[in-house]
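Here's the structure we're looking at; comments come further down.
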Amino acid sequence: MYKVEVNAEKCDHQRKETEVYLASLQEEFRAKGINVQTRIGHGLVVKAIIDAAERENADLVAMASHGRTGLSRTFYGSVAAGVLQRIDRSLLITRSRCDDSPDIPQG
């Protein structure tokens with residue numbers, strides 16, 4: 001078991017940034033006639049994605065992958081691979097537009 005200290009102010013700031021980002025994506029899709037719903041979840045990433053798909057009764061889960069290999073994948077794991085191994089519905093994985101983003105622990 002890990003003990004993690006949470007900075008509430010930082011969490012609030014990140015949540016607000018995420019809400020703004022998702023709202024802009026939602027508007028892009030809606031402008032193209034595509035109905036999109038967004039959710040912000042917490043917890044272990046793979047489990048949160050699968051739980052959300054089940055709760056929303058999603059037909060399809062679409063996610064971007066950074067396509068990391070080697071040490072970064074070994075140490076941080078792969079969210080897309082974790083979801084792929086555990087999900088019981090259709091999954092669309094696409095390469096992220098931000099392939100040069102830094103390695104960020106996923107949970």
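The way I read the labels, and the way they are meant: chains A, B, ... in the order of the structure tokens, residue 1 as the first residue of every chain, and ligand 1 as the first ligand shown, with later ones counted on from there.
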
Distance query Ala53 (chain A) at most 12 Å, only C-alpha atoms, self and fewer than 2 positions along chain excluded, as number ranges by chain: A: 37-39, 41, 46-51, 55-63, 83, 86-91

So how far away is CA of Ser78 (chain A) from CA of Lys3 (chain A), in Å?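 Computing it gives 22.3 Å between the two atoms.
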
So how many Å separate CA of Lys32 (chain A) and CA of Ser65 (chain A), to one decimal? 23.3 Å

I need the residues of region 1-105 of chain A that end up classed as alpha helix (DSSP H) by DSSP on the backbone, written out as JSON, numbers by chain. {"A": [8, 9, 10, 11, 12, 13, 14, 15, 16, 17, 18, 19, 20, 21, 22, 23, 24, 25, 26, 27, 28, 29, 30, 31, 45, 46, 47, 48, 49, 50, 51, 52, 53, 54, 55, 70, 71, 72, 73, 74, 75, 76, 79, 80, 81, 82, 83, 84, 85, 86]}

Write out, as a PDB file, in the first residue's frame, the residues just selected, with C-alpha atoms.
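Output contents, as saved in part-v1.pdb:
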ATOM      1  CA  ALA A   8      -6.174  19.930  -2.837  1.00  0.00           C
ATOM      2  CA  GLU A   9      -5.370  23.281  -4.467  1.00  0.00           C
ATOM      3  CA  LYS A  10      -3.308  21.595  -7.190  1.00  0.00           C
ATOM      4  CA  CYS A  11      -6.055  19.003  -7.749  1.00  0.00           C
ATOM      5  CA  ASP A  12      -8.674  21.753  -8.133  1.00  0.00           C
ATOM      6  CA  HIS A  13      -6.457  23.612 -10.612  1.00  0.00           C
ATOM      7  CA  GLN A  14      -5.822  20.456 -12.658  1.00  0.00           C
ATOM      8  CA  ARG A  15      -9.523  19.600 -12.648  1.00  0.00           C
ATOM      9  CA  LYS A  16     -10.427  23.071 -13.941  1.00  0.00           C
ATOM     10  CA  GLU A  17      -7.787  22.845 -16.688  1.00  0.00           C
ATOM     11  CA  THR A  18      -9.119  19.418 -17.639  1.00  0.00           C
ATOM     12  CA  GLU A  19     -12.709  20.696 -17.760  1.00  0.00           C
ATOM     13  CA  VAL A  20     -11.686  23.552 -20.090  1.00  0.00           C
ATOM     14  CA  TYR A  21      -9.725  21.163 -22.334  1.00  0.00           C
ATOM     15  CA  LEU A  22     -12.561  18.641 -22.538  1.00  0.00           C
ATOM     16  CA  ALA A  23     -15.134  21.377 -23.221  1.00  0.00           C
ATOM     17  CA  SER A  24     -13.059  22.581 -26.186  1.00  0.00           C
ATOM     18  CA  LEU A  25     -12.837  19.050 -27.576  1.00  0.00           C
ATOM     19  CA  GLN A  26     -16.540  18.550 -27.037  1.00  0.00           C
ATOM     20  CA  GLU A  27     -17.298  21.696 -29.037  1.00  0.00           C
ATOM     21  CA  GLU A  28     -15.049  20.516 -31.895  1.00  0.00           C
ATOM     22  CA  PHE A  29     -16.929  17.225 -32.122  1.00  0.00           C
ATOM     23  CA  ARG A  30     -20.361  18.835 -31.801  1.00  0.00           C
ATOM     24  CA  ALA A  31     -19.505  21.272 -34.608  1.00  0.00           C
ATOM     25  CA  VAL A  45      -6.518   4.781 -14.435  1.00  0.00           C
ATOM     26  CA  VAL A  46      -7.267   1.422 -16.075  1.00  0.00           C
ATOM     27  CA  LYS A  47      -9.933   0.553 -13.508  1.00  0.00           C
ATOM     28  CA  ALA A  48     -11.485   4.041 -13.750  1.00  0.00           C
ATOM     29  CA  ILE A  49     -11.764   3.765 -17.550  1.00  0.00           C
ATOM     30  CA  ILE A  50     -13.317   0.298 -17.418  1.00  0.00           C
ATOM     31  CA  ASP A  51     -15.694   1.265 -14.597  1.00  0.00           C
ATOM     32  CA  ALA A  52     -16.815   4.358 -16.537  1.00  0.00           C
ATOM     33  CA  ALA A  53     -17.428   2.302 -19.692  1.00  0.00           C
ATOM     34  CA  GLU A  54     -19.566  -0.140 -17.711  1.00  0.00           C
ATOM     35  CA  ARG A  55     -21.436   2.594 -15.813  1.00  0.00           C
ATOM     36  CA  GLY A  70      11.195   0.156 -23.744  1.00  0.00           C
ATOM     37  CA  LEU A  71      11.956   1.408 -20.254  1.00  0.00           C
ATOM     38  CA  SER A  72       9.218   4.012 -20.025  1.00  0.00           C
ATOM     39  CA  ARG A  73       6.596   1.336 -20.738  1.00  0.00           C
ATOM     40  CA  THR A  74       8.262  -1.112 -18.375  1.00  0.00           C
ATOM     41  CA  PHE A  75       8.333   1.317 -15.461  1.00  0.00           C
ATOM     42  CA  TYR A  76       5.042   3.109 -16.006  1.00  0.00           C
ATOM     43  CA  VAL A  79      -2.851   2.335 -19.831  1.00  0.00           C
ATOM     44  CA  ALA A  80      -3.990   1.351 -23.315  1.00  0.00           C
ATOM     45  CA  ALA A  81      -2.535  -2.158 -22.930  1.00  0.00           C
ATOM     46  CA  GLY A  82      -4.129  -2.505 -19.496  1.00  0.00           C
ATOM     47  CA  VAL A  83      -7.536  -1.487 -20.804  1.00  0.00           C
ATOM     48  CA  LEU A  84      -7.137  -3.737 -23.855  1.00  0.00           C
ATOM     49  CA  GLN A  85      -6.420  -6.755 -21.649  1.00  0.00           C
ATOM     50  CA  ARG A  86      -9.379  -6.189 -19.330  1.00  0.00           C
TER      51      ARG A  86
END
